[in-house]
Structure formats: structure tokens, C-alpha cells
>>> print(open('protein_9.txt').read())   # compact mmCIF, C-alpha atoms and all ligand atoms
# COMPACT_ATOMS: atom_id res chain seq x y z
CA MET A 1 -41.01 2.01 -52.14
CA ASP A 2 -44.54 1.00 -53.01
CA ASN A 3 -44.15 -2.65 -53.84
CA GLN A 4 -47.70 -3.91 -53.43
CA THR A 5 -49.90 -3.88 -56.49
CA ASP A 6 -52.25 -6.62 -55.37
CA ASN A 7 -54.68 -4.61 -53.25
CA PRO A 8 -58.25 -5.30 -54.33
CA TYR A 9 -59.34 -3.10 -51.42
CA PRO A 10 -57.53 0.09 -50.40
CA ILE A 11 -55.19 0.04 -47.38
CA HIS A 12 -53.05 2.67 -45.69
CA ASP A 13 -49.95 3.73 -47.62
CA LEU A 14 -47.69 2.74 -44.72
CA LEU A 15 -48.97 -0.82 -44.88
CA ARG A 16 -48.57 -0.89 -48.65
CA GLN A 17 -45.03 0.43 -48.44
CA ARG A 18 -43.71 -1.88 -45.71
CA TRP A 19 -41.58 -4.73 -46.97
CA SER A 20 -38.67 -6.89 -45.85
CA PRO A 21 -35.63 -6.23 -48.03
CA ARG A 22 -32.36 -8.12 -47.90
CA ALA A 23 -30.31 -5.11 -49.02
CA PHE A 24 -29.46 -2.43 -46.46
CA ASP A 25 -27.48 0.77 -46.81
CA ASP A 26 -24.77 1.01 -44.16
CA ARG A 27 -25.70 4.63 -43.33
CA PRO A 28 -26.38 4.90 -39.57
CA ILE A 29 -29.89 5.55 -38.29
CA GLU A 30 -30.28 8.90 -36.55
CA PRO A 31 -30.61 8.30 -32.76
CA GLU A 32 -33.91 10.22 -32.57
CA LYS A 33 -35.41 7.96 -35.25
CA LEU A 34 -34.19 4.91 -33.40
CA ARG A 35 -35.82 6.13 -30.22
CA SER A 36 -39.08 6.71 -32.11
CA LEU A 37 -39.09 3.09 -33.22
CA PHE A 38 -39.14 1.91 -29.62
CA GLU A 39 -41.65 4.60 -28.65
CA ALA A 40 -43.97 3.21 -31.34
CA ALA A 41 -43.48 -0.31 -29.95
CA ARG A 42 -44.23 0.99 -26.47
CA TRP A 43 -47.72 2.05 -27.51
CA ALA A 44 -48.80 -1.35 -28.77
CA PRO A 45 -51.86 -2.87 -27.11
CA SER A 46 -51.43 -5.90 -24.86
CA LEU A 47 -53.42 -8.25 -22.69
CA ASP A 48 -54.14 -6.51 -19.36
CA ASN A 49 -51.65 -3.84 -20.50
CA GLY A 50 -48.97 -6.35 -19.51
CA GLN A 51 -46.45 -4.96 -22.07
CA PRO A 52 -44.51 -8.25 -22.19
CA TRP A 53 -42.10 -7.16 -24.95
CA ARG A 54 -38.46 -6.34 -24.35
CA PHE A 55 -35.91 -5.32 -26.98
CA LEU A 56 -32.18 -5.80 -27.12
CA VAL A 57 -30.59 -3.37 -29.59
CA ALA A 58 -27.12 -2.66 -30.89
CA THR A 59 -25.85 -0.15 -33.42
CA LYS A 60 -22.89 -1.00 -35.60
CA ASP A 61 -20.59 1.45 -33.82
CA GLU A 62 -21.08 -0.55 -30.61
CA THR A 63 -18.92 -3.26 -32.10
CA ALA A 64 -18.97 -5.85 -29.31
CA GLU A 65 -22.71 -5.49 -28.69
CA TYR A 66 -23.51 -5.60 -32.41
CA GLU A 67 -21.38 -8.71 -32.90
CA ARG A 68 -23.04 -10.41 -29.96
CA LEU A 69 -26.40 -10.16 -31.76
CA PHE A 70 -24.96 -10.67 -35.27
CA ASN A 71 -23.21 -13.89 -34.24
CA CYS A 72 -26.56 -15.38 -33.19
CA LEU A 73 -27.91 -15.14 -36.75
CA VAL A 74 -27.75 -18.19 -39.01
CA THR A 75 -25.35 -17.80 -41.91
CA GLY A 76 -28.02 -17.00 -44.53
CA ASN A 77 -29.35 -14.13 -42.43
CA GLN A 78 -25.84 -12.88 -41.66
CA LYS A 79 -25.24 -12.55 -45.40
CA SER A 80 -28.25 -10.28 -45.85
CA ALA A 81 -28.06 -8.37 -42.56
CA TYR A 82 -24.33 -7.57 -42.42
CA ARG A 83 -24.76 -4.03 -43.79
CA ALA A 84 -27.70 -3.18 -41.51
CA PRO A 85 -26.61 -0.45 -39.07
CA VAL A 86 -28.93 -1.70 -36.31
CA LEU A 87 -29.78 -5.16 -35.03
CA MET A 88 -32.49 -5.89 -32.53
CA LEU A 89 -33.85 -8.92 -30.73
CA SER A 90 -37.41 -8.97 -29.44
CA VAL A 91 -38.01 -10.93 -26.26
CA ALA A 92 -41.32 -11.88 -24.67
CA HIS A 93 -41.89 -12.03 -20.91
CA LEU A 94 -43.93 -15.20 -20.51
CA GLN A 95 -45.34 -14.27 -17.11
CA PHE A 96 -47.23 -11.28 -15.78
CA GLU A 97 -45.56 -9.30 -13.02
CA ASP A 98 -47.46 -11.42 -10.42
CA GLY A 99 -45.91 -14.60 -11.84
CA SER A 100 -49.06 -15.96 -13.54
CA PRO A 101 -48.55 -17.23 -17.10
CA ASN A 102 -49.20 -14.84 -19.98
CA ALA A 103 -50.48 -16.98 -22.84
CA HIS A 104 -50.53 -13.95 -25.15
CA ALA A 105 -46.99 -12.74 -24.54
CA LEU A 106 -45.81 -13.82 -28.01
CA HIS A 107 -48.85 -12.28 -29.68
CA ASP A 108 -48.35 -8.99 -27.87
CA THR A 109 -44.62 -8.93 -28.59
CA GLY A 110 -45.44 -9.42 -32.28
CA MET A 111 -47.79 -6.46 -32.13
CA ALA A 112 -45.08 -4.28 -30.60
CA VAL A 113 -42.71 -5.37 -33.38
CA GLU A 114 -45.28 -4.52 -36.04
CA ASN A 115 -45.72 -1.05 -34.48
CA LEU A 116 -41.94 -0.66 -34.64
CA VAL A 117 -41.77 -1.84 -38.24
CA VAL A 118 -44.60 0.42 -39.41
CA GLN A 119 -42.98 3.38 -37.62
CA ALA A 120 -39.74 2.49 -39.41
CA THR A 121 -41.59 2.61 -42.73
CA ALA A 122 -42.96 6.04 -41.84
CA LEU A 123 -39.40 7.24 -41.20
CA GLY A 124 -38.08 5.98 -44.55
CA LEU A 125 -36.40 2.97 -42.96
CA VAL A 126 -36.74 -0.73 -43.76
CA ALA A 127 -36.74 -3.70 -41.40
CA ARG A 128 -36.34 -7.43 -41.89
CA GLN A 129 -37.51 -9.74 -39.13
CA MET A 130 -35.54 -12.96 -38.81
CA ALA A 131 -36.53 -16.14 -37.01
CA GLY A 132 -33.31 -17.70 -38.28
CA PHE A 133 -31.10 -17.23 -35.25
CA ARG A 134 -29.72 -19.46 -32.49
CA ILE A 135 -32.08 -18.95 -29.58
CA ASP A 136 -29.91 -20.74 -27.01
CA GLN A 137 -26.86 -18.69 -28.00
CA ALA A 138 -28.89 -15.47 -27.70
CA ARG A 139 -30.16 -16.56 -24.28
CA GLU A 140 -26.65 -17.21 -23.05
CA ASP A 141 -24.60 -14.50 -24.76
CA CYS A 142 -27.17 -11.76 -24.07
CA ARG A 143 -27.89 -13.04 -20.54
CA ILE A 144 -31.64 -13.34 -21.06
CA PRO A 145 -33.18 -14.60 -17.82
CA ASP A 146 -35.52 -17.59 -17.39
CA GLY A 147 -39.14 -16.74 -18.12
CA TYR A 148 -38.21 -14.57 -21.10
CA GLU A 149 -38.40 -15.97 -24.64
CA PRO A 150 -36.26 -14.63 -27.52
CA VAL A 151 -38.73 -14.17 -30.39
CA VAL A 152 -37.30 -12.53 -33.47
CA MET A 153 -34.21 -10.66 -34.59
CA ILE A 154 -34.76 -7.52 -36.64
CA ALA A 155 -32.31 -5.83 -38.99
CA VAL A 156 -33.14 -2.14 -39.50
CA GLY A 157 -31.63 0.47 -41.77
CA TYR A 158 -32.10 2.56 -44.86
CA PRO A 159 -32.87 0.65 -48.06
CA GLY A 160 -29.72 -0.51 -49.81
CA ASP A 161 -28.66 -1.20 -53.36
CA PRO A 162 -29.44 -4.84 -54.25
CA ALA A 163 -26.62 -4.63 -56.83
CA LEU A 164 -24.14 -4.75 -53.93
CA GLN A 165 -25.43 -8.18 -52.90
CA SER A 166 -24.23 -11.54 -54.13
CA ASP A 167 -26.10 -13.01 -57.12
CA ARG A 168 -27.56 -15.72 -54.89
CA LEU A 169 -29.02 -13.23 -52.43
CA ARG A 170 -30.34 -11.06 -55.25
CA ALA A 171 -32.07 -14.11 -56.69
CA GLN A 172 -33.79 -14.67 -53.33
CA GLU A 173 -35.20 -11.15 -53.25
CA PRO A 174 -38.84 -11.63 -54.25
CA PRO A 175 -39.95 -9.17 -56.93
CA LEU A 176 -43.33 -8.70 -55.27
CA PRO A 177 -44.66 -10.08 -52.01
CA VAL A 178 -47.34 -12.65 -52.79
CA ARG A 179 -50.33 -12.87 -50.51
CA LYS A 180 -53.11 -15.43 -50.15
CA PRO A 181 -56.51 -14.21 -51.30
CA LEU A 182 -58.83 -12.93 -48.56
CA THR A 183 -61.27 -15.77 -49.23
CA GLU A 184 -58.61 -18.19 -47.96
CA LEU A 185 -57.98 -16.12 -44.84
CA VAL A 186 -61.35 -14.78 -43.71
CA TYR A 187 -64.37 -16.96 -42.96
CA SER A 188 -67.83 -16.37 -41.56
CA ALA A 189 -68.39 -17.54 -37.98
CA THR A 190 -68.30 -21.10 -39.42
CA TRP A 191 -64.88 -22.47 -40.36
CA GLU A 192 -64.19 -22.18 -44.11
CA LEU A 193 -67.71 -20.84 -44.86
CA PRO A 194 -67.14 -17.68 -46.93
CA SER A 195 -68.03 -14.44 -45.19
CA SER A 196 -70.84 -12.40 -46.71
CA ILE A 197 -68.72 -9.24 -46.54
CA PHE A 198 -66.95 -10.24 -49.76
CA ARG A 199 -70.13 -10.84 -51.75
CA GLN A 200 -70.71 -8.41 -54.57
CA GLY A 201 -73.07 -5.55 -53.80
C1 LIG B 301 -41.51 -13.93 -37.58
C2 LIG B 301 -40.79 -13.72 -38.89
C3 LIG B 301 -39.62 -14.41 -39.13
C4 LIG B 301 -38.92 -14.21 -40.31
N1 LIG B 301 -37.71 -14.84 -40.48
C5 LIG B 301 -36.96 -14.55 -41.56
C6 LIG B 301 -35.64 -15.09 -41.67
O1 LIG B 301 -35.13 -15.80 -40.80
N2 LIG B 301 -34.93 -14.77 -42.79
C7 LIG B 301 -35.44 -13.98 -43.76
O2 LIG B 301 -34.73 -13.71 -44.73
N3 LIG B 301 -36.69 -13.44 -43.67
C8 LIG B 301 -37.44 -13.69 -42.61
N4 LIG B 301 -38.68 -13.11 -42.46
C9 LIG B 301 -39.20 -12.22 -43.51
C10 LIG B 301 -40.34 -12.88 -44.29
O3 LIG B 301 -39.80 -13.83 -45.17
C11 LIG B 301 -41.17 -11.81 -45.02
O4 LIG B 301 -41.80 -11.00 -44.08
C12 LIG B 301 -42.20 -12.44 -45.94
O5 LIG B 301 -41.58 -13.10 -47.01
C13 LIG B 301 -43.17 -11.41 -46.53
O6 LIG B 301 -42.46 -10.40 -47.23
P1 LIG B 301 -42.63 -8.88 -46.85
O7 LIG B 301 -42.29 -8.71 -45.39
O8 LIG B 301 -41.64 -8.14 -47.75
O9 LIG B 301 -44.04 -8.46 -47.13
C14 LIG B 301 -39.41 -13.31 -41.30
C15 LIG B 301 -40.59 -12.61 -41.04
C16 LIG B 301 -41.28 -12.80 -39.85
C17 LIG B 301 -42.53 -11.98 -39.57
>>> encode(input="protein_9.txt", output="C-alpha cells")
Amino acid sequence: MDNQTDNPYPIHDLLRQRWSPRAFDDRPIEPEKLRSLFEAARWAPSLDNGQPWRFLVATKDETAEYERLFNCLVTGNQKSAYRAPVLMLSVAHLQFEDGSPNAHALHDTGMAVENLVVQATALGLVARQMAGFRIDQAREDCRIPDGYEPVVMIAVGYPGDPALQSDRLRAQEPPLPVRKPLTELVYSATWELPSSIFRQG
């Protein structure tokens, strides 16, 4: 799906095609594709090559494991993710191996997730990240040790038919992702002073 029409400057097709649907097909993901998702995450850059990301993953056929993750989701996210064949939880290690604090662990974990999501797009899959989950329940039920921070749950699968969703969920599905204009996001080296790179010429 190419759902982005608002690109005043060209970007890579994979970035244009990535989106976060609420509708998933319940077809399983081939194991080799699933492994490639984590391989892509593995090659993300990180501060001092600390690689602070960890992933918990469950496929739907691992019923108890899948339910452990699914039950952590808030109800609204359960309603959109219930057909997804794979659930994941990203977790950030907040310390380096020597015990010193890693202030960029969340940043780096987000980069690993984006690698995973872009790889998913390349494989014809879709992914929806979800902050709406009970962190304390995930910590306890998934036995996440101290010093590790649950970051985001991710539903992954093949794109589904929105017609199979409830009317309310369909209404929530945005027709097109809306993005702020670059002038609101990119400044010169002085806060809010427009950068010269967007001047005509
Ligand atoms: C960290 C993060 C948390 C998110 N949490 C949720 C969530 O709890 N529920 C949900 O439906 N979507 C969630 N999303 C999806 C965003 O709403 C979505 O990425 C955004 O609307 C932009 O749409 P797009 O990804 O299709 O471009 C989350 C995305 C991110 C990156």
C-alpha cells in the first residue's frame, strides 16, 4: 500500500509504504520472515554499540505466550490487534554491561524497532506499535528484570480487510497519515529560525 501522497520531496518507497493499520489478516507469518525482522533490528546503530534493545515475541500458535502479551494490551488495542498472528514487546536495557546508565537506551530501542518495521514493510507485512499496554503487568507476567524498561508492544501480520472490523474501529482508521510541515520540524541552528535549505533556489 502506498498511502502517502503528501511528499513534497521524494523519499524511499519503503518509507512511503510503511503505515500502522488496525486491520490484520490472521494468516501466520513465515518463520524465516519473522527471523529477518529481528535480524534487521539487530543491525540498528546504538550508542557505544550497546545494543540495549530486547524483544519478547509470541506467535498465535503459542497460545499461552501469545495471551500473556495480549492480556497486557489495553482494551482498545486488543480490539485492533486480536487478529495479528504475532505480538512483540520491545524492552530497553537502561544500563550498559558495566552497570553505568545508558541515557540513550530508549532512543536506540526505538531505532531497532524502526529497522524491524521497515523490514516488515519490505516483506509485505504491516506493524502497529502500541504504547497502550499495562507496563507493570508486562514486567510481572513476562518476568522482565529490574533495569529493563518495557517500551512498546508491536502487532505484526499481513494487512487485513478493514471490513471485518467493527464500525467504531473502522471509523478510527485514518484515511491518510497527516504530517506536520517540515518548516515546523526543522530549524536552523537557532531555535525556530527557518533553515535555509528550504528556501527556493
Ligand atoms: C511509540 C508509539 C506508540 C503508539 N501507540 C499506539 C497505541 O497504543 N494504539 C494505537 O492504535 N496506535 C499506536 N501507535 C500508532 C500511531 O498512532 C501511528 O504510528 C501514527 O498515527 C502515525 O500513523 P502511521 O504509523 O500509519 O504513519 C503508536 C505508535 C508509536 C510509534
>>> closest_residue(input="protein_9.txt", among="A:Ala120, A:Leu73, A:Ala103, A:Leu37", to="ligand LIG 301 (chain B)", atoms="all atoms listed in the file")
A:Leu73
>>> residues_near_ligand(input="protein_9.txt", ligand="ligand LIG 301 (chain B)", cutoff="6 Å", atoms="all atoms listed in the file", output="PyMOL selection string")
chain A and resi 19-20+77+128-132+177
>>> closest_residue(input="protein_9.txt", among="A:Glu65, A:Asp26, A:Glu114, A:Asp161", to="Ala41 (chain A)", atoms="only C-alpha atoms")
A:Glu114
>>> atom_distance(input="protein_9.txt", atom1="CA of Arg199 (chain A)", atom2="CA of Arg18 (chain A)")
28.5 Å
>>> atom_distance(input="protein_9.txt", atom1="CA of Ser90 (chain A)", atom2="CA of Lys180 (chain A)")
26.8 Å
>>> residues_around(input="protein_9.txt", residues="Val117 (chain A)", least_positions_apart="3", cutoff="12 Å", atoms="all atoms listed in the file", output="PyMOL selection string")
chain A and resi 14-15+17-20+34+36-41+44+88+110-114+120-129+154-157
>>> atom_distance(input="protein_9.txt", atom1="CA of Ala92 (chain A)", atom2="CA of Thr109 (chain A)")
5.9 Å
>>> closest_residue(input="protein_9.txt", among="A:Asp6, A:Asp98, A:Asp141, A:Asp146", to="Ala64 (chain A)", atoms="all atoms listed in the file")
A:Asp141
>>> residues_around(input="protein_9.txt", residues="Thr183 (chain A)", least_positions_apart="4", cutoff="12 Å", atoms="all atoms listed in the file", output="MDAnalysis selection string")
chainID A and resid 179 187:188 191:199
>>> residues_around(input="protein_9.txt", residues="His104 (chain A)", least_positions_apart="3", cutoff="9 Å", atoms="only C-alpha atoms", output="JSON, numbers by chain")
{"A": [46, 47, 52, 94, 101, 107, 108, 109]}
>>> residues_around(input="protein_9.txt", residues="Glu97 (chain A)", least_positions_apart="5", cutoff="12 Å", atoms="all atoms listed in the file", output="MDAnalysis selection string")
chainID A and resid 48:52 102 147
>>> axis_aligned_box(input="protein_9.txt", around="region 61-66 of chain A", padding_each_side="3 Å", output="lines of an AutoDock Vina configuration file")
center_x = -21.2
center_y = -2.2
center_z = -31.3
size_x = 10.6
size_y = 13.3
size_z = 11.1
>>> closest_residue(input="protein_9.txt", among="A:Gly99, A:Pro31, A:Pro45, A:Pro150", to="Cys72 (chain A)", atoms="only C-alpha atoms")
A:Pro150
>>> closest_residue(input="protein_9.txt", among="A:Thr190, A:Gln137, A:Thr59, A:Gln200", to="Asn71 (chain A)", atoms="only C-alpha atoms")
A:Gln137
>>> residues_near_point(input="protein_9.txt", point="(-30.4, -10.0, -24.0)", cutoff="9 Å", atoms="all atoms listed in the file", output="VMD selection string")
chain A and resid 54 to 57 69 89 to 91 138 to 145 150
>>> write_last_selection(input="protein_9.txt", atoms="C-alpha atoms", output="mmCIF file, in the coordinates of the input")
data_model
loop_
_atom_site.group_PDB
_atom_site.id
_atom_site.type_symbol
_atom_site.label_atom_id
_atom_site.label_comp_id
_atom_site.auth_asym_id
_atom_site.auth_seq_id
_atom_site.Cartn_x
_atom_site.Cartn_y
_atom_site.Cartn_z
ATOM 1 C CA ARG A 54 -38.460 -6.340 -24.350
ATOM 2 C CA PHE A 55 -35.910 -5.320 -26.980
ATOM 3 C CA LEU A 56 -32.180 -5.800 -27.120
ATOM 4 C CA VAL A 57 -30.590 -3.370 -29.590
ATOM 5 C CA LEU A 69 -26.400 -10.160 -31.760
ATOM 6 C CA LEU A 89 -33.850 -8.920 -30.730
ATOM 7 C CA SER A 90 -37.410 -8.970 -29.440
ATOM 8 C CA VAL A 91 -38.010 -10.930 -26.260
ATOM 9 C CA ALA A 138 -28.890 -15.470 -27.700
ATOM 10 C CA ARG A 139 -30.160 -16.560 -24.280
ATOM 11 C CA GLU A 140 -26.650 -17.210 -23.050
ATOM 12 C CA ASP A 141 -24.600 -14.500 -24.760
ATOM 13 C CA CYS A 142 -27.170 -11.760 -24.070
ATOM 14 C CA ARG A 143 -27.890 -13.040 -20.540
ATOM 15 C CA ILE A 144 -31.640 -13.340 -21.060
ATOM 16 C CA PRO A 145 -33.180 -14.600 -17.820
ATOM 17 C CA PRO A 150 -36.260 -14.630 -27.520
#
>>> build_atoms(input="protein_9.txt", residues="region 65-94 of chain A", atoms="N, CA and C atoms", output="short mmCIF file (atom, residue, chain, number, x, y, z; two decimals), in the frame of the given file")
data_model
loop_
_atom_site.label_atom_id
_atom_site.label_comp_id
_atom_site.auth_asym_id
_atom_site.auth_seq_id
_atom_site.Cartn_x
_atom_site.Cartn_y
_atom_site.Cartn_z
N GLU A 65 -21.28 -5.22 -28.87
CA GLU A 65 -22.71 -5.49 -28.69
C GLU A 65 -23.34 -5.95 -30.00
N TYR A 66 -22.96 -5.25 -31.09
CA TYR A 66 -23.51 -5.60 -32.41
C TYR A 66 -23.12 -7.03 -32.76
N GLU A 67 -21.85 -7.35 -32.54
CA GLU A 67 -21.38 -8.71 -32.90
C GLU A 67 -22.06 -9.78 -32.05
N ARG A 68 -22.37 -9.43 -30.82
CA ARG A 68 -23.04 -10.41 -29.96
C ARG A 68 -24.38 -10.82 -30.59
N LEU A 69 -25.13 -9.83 -31.10
CA LEU A 69 -26.40 -10.16 -31.76
C LEU A 69 -26.15 -10.79 -33.13
N PHE A 70 -25.23 -10.19 -33.90
CA PHE A 70 -24.96 -10.67 -35.27
C PHE A 70 -24.55 -12.14 -35.26
N ASN A 71 -23.72 -12.51 -34.29
CA ASN A 71 -23.21 -13.89 -34.24
C ASN A 71 -24.30 -14.92 -33.94
N CYS A 72 -25.45 -14.45 -33.44
CA CYS A 72 -26.56 -15.38 -33.19
C CYS A 72 -27.31 -15.73 -34.47
N LEU A 73 -27.17 -14.89 -35.50
CA LEU A 73 -27.91 -15.14 -36.75
C LEU A 73 -27.37 -16.36 -37.47
N VAL A 74 -28.24 -17.10 -38.15
CA VAL A 74 -27.75 -18.19 -39.01
C VAL A 74 -27.06 -17.56 -40.21
N THR A 75 -26.21 -18.36 -40.87
CA THR A 75 -25.35 -17.80 -41.91
C THR A 75 -26.13 -17.06 -43.00
N GLY A 76 -27.24 -17.64 -43.45
CA GLY A 76 -28.02 -17.00 -44.53
C GLY A 76 -28.47 -15.61 -44.13
N ASN A 77 -28.91 -15.45 -42.89
CA ASN A 77 -29.35 -14.13 -42.43
C ASN A 77 -28.17 -13.20 -42.20
N GLN A 78 -27.02 -13.75 -41.80
CA GLN A 78 -25.84 -12.88 -41.66
C GLN A 78 -25.47 -12.26 -43.00
N LYS A 79 -25.63 -13.05 -44.08
CA LYS A 79 -25.24 -12.55 -45.40
C LYS A 79 -26.13 -11.40 -45.86
N SER A 80 -27.39 -11.40 -45.43
CA SER A 80 -28.25 -10.28 -45.85
C SER A 80 -28.23 -9.13 -44.85
N ALA A 81 -27.94 -9.42 -43.58
CA ALA A 81 -28.06 -8.37 -42.56
C ALA A 81 -26.74 -7.65 -42.27
N TYR A 82 -25.63 -8.08 -42.88
CA TYR A 82 -24.33 -7.57 -42.42
C TYR A 82 -24.15 -6.07 -42.64
N ARG A 83 -24.91 -5.48 -43.59
CA ARG A 83 -24.76 -4.03 -43.79
C ARG A 83 -25.74 -3.23 -42.92
N ALA A 84 -26.69 -3.91 -42.30
CA ALA A 84 -27.70 -3.18 -41.51
C ALA A 84 -27.02 -2.47 -40.34
N PRO A 85 -27.28 -1.18 -40.15
CA PRO A 85 -26.61 -0.45 -39.07
C PRO A 85 -27.16 -0.76 -37.68
N VAL A 86 -28.32 -1.40 -37.62
CA VAL A 86 -28.93 -1.70 -36.31
C VAL A 86 -29.48 -3.12 -36.31
N LEU A 87 -29.18 -3.83 -35.25
CA LEU A 87 -29.78 -5.16 -35.03
C LEU A 87 -30.55 -5.12 -33.73
N MET A 88 -31.66 -5.82 -33.73
CA MET A 88 -32.49 -5.89 -32.53
C MET A 88 -32.89 -7.35 -32.29
N LEU A 89 -33.25 -7.62 -31.07
CA LEU A 89 -33.85 -8.92 -30.73
C LEU A 89 -35.06 -8.63 -29.86
N SER A 90 -36.23 -9.12 -30.30
CA SER A 90 -37.41 -8.97 -29.44
C SER A 90 -37.49 -10.18 -28.51
N VAL A 91 -37.94 -9.90 -27.31
CA VAL A 91 -38.01 -10.93 -26.26
C VAL A 91 -39.36 -10.79 -25.57
N ALA A 92 -40.01 -11.92 -25.32
CA ALA A 92 -41.32 -11.88 -24.67
C ALA A 92 -41.21 -12.36 -23.22
N HIS A 93 -41.81 -11.61 -22.32
CA HIS A 93 -41.89 -12.03 -20.91
C HIS A 93 -43.09 -12.95 -20.79
N LEU A 94 -42.86 -14.20 -20.45
CA LEU A 94 -43.93 -15.20 -20.51
C LEU A 94 -44.82 -15.21 -19.28
#
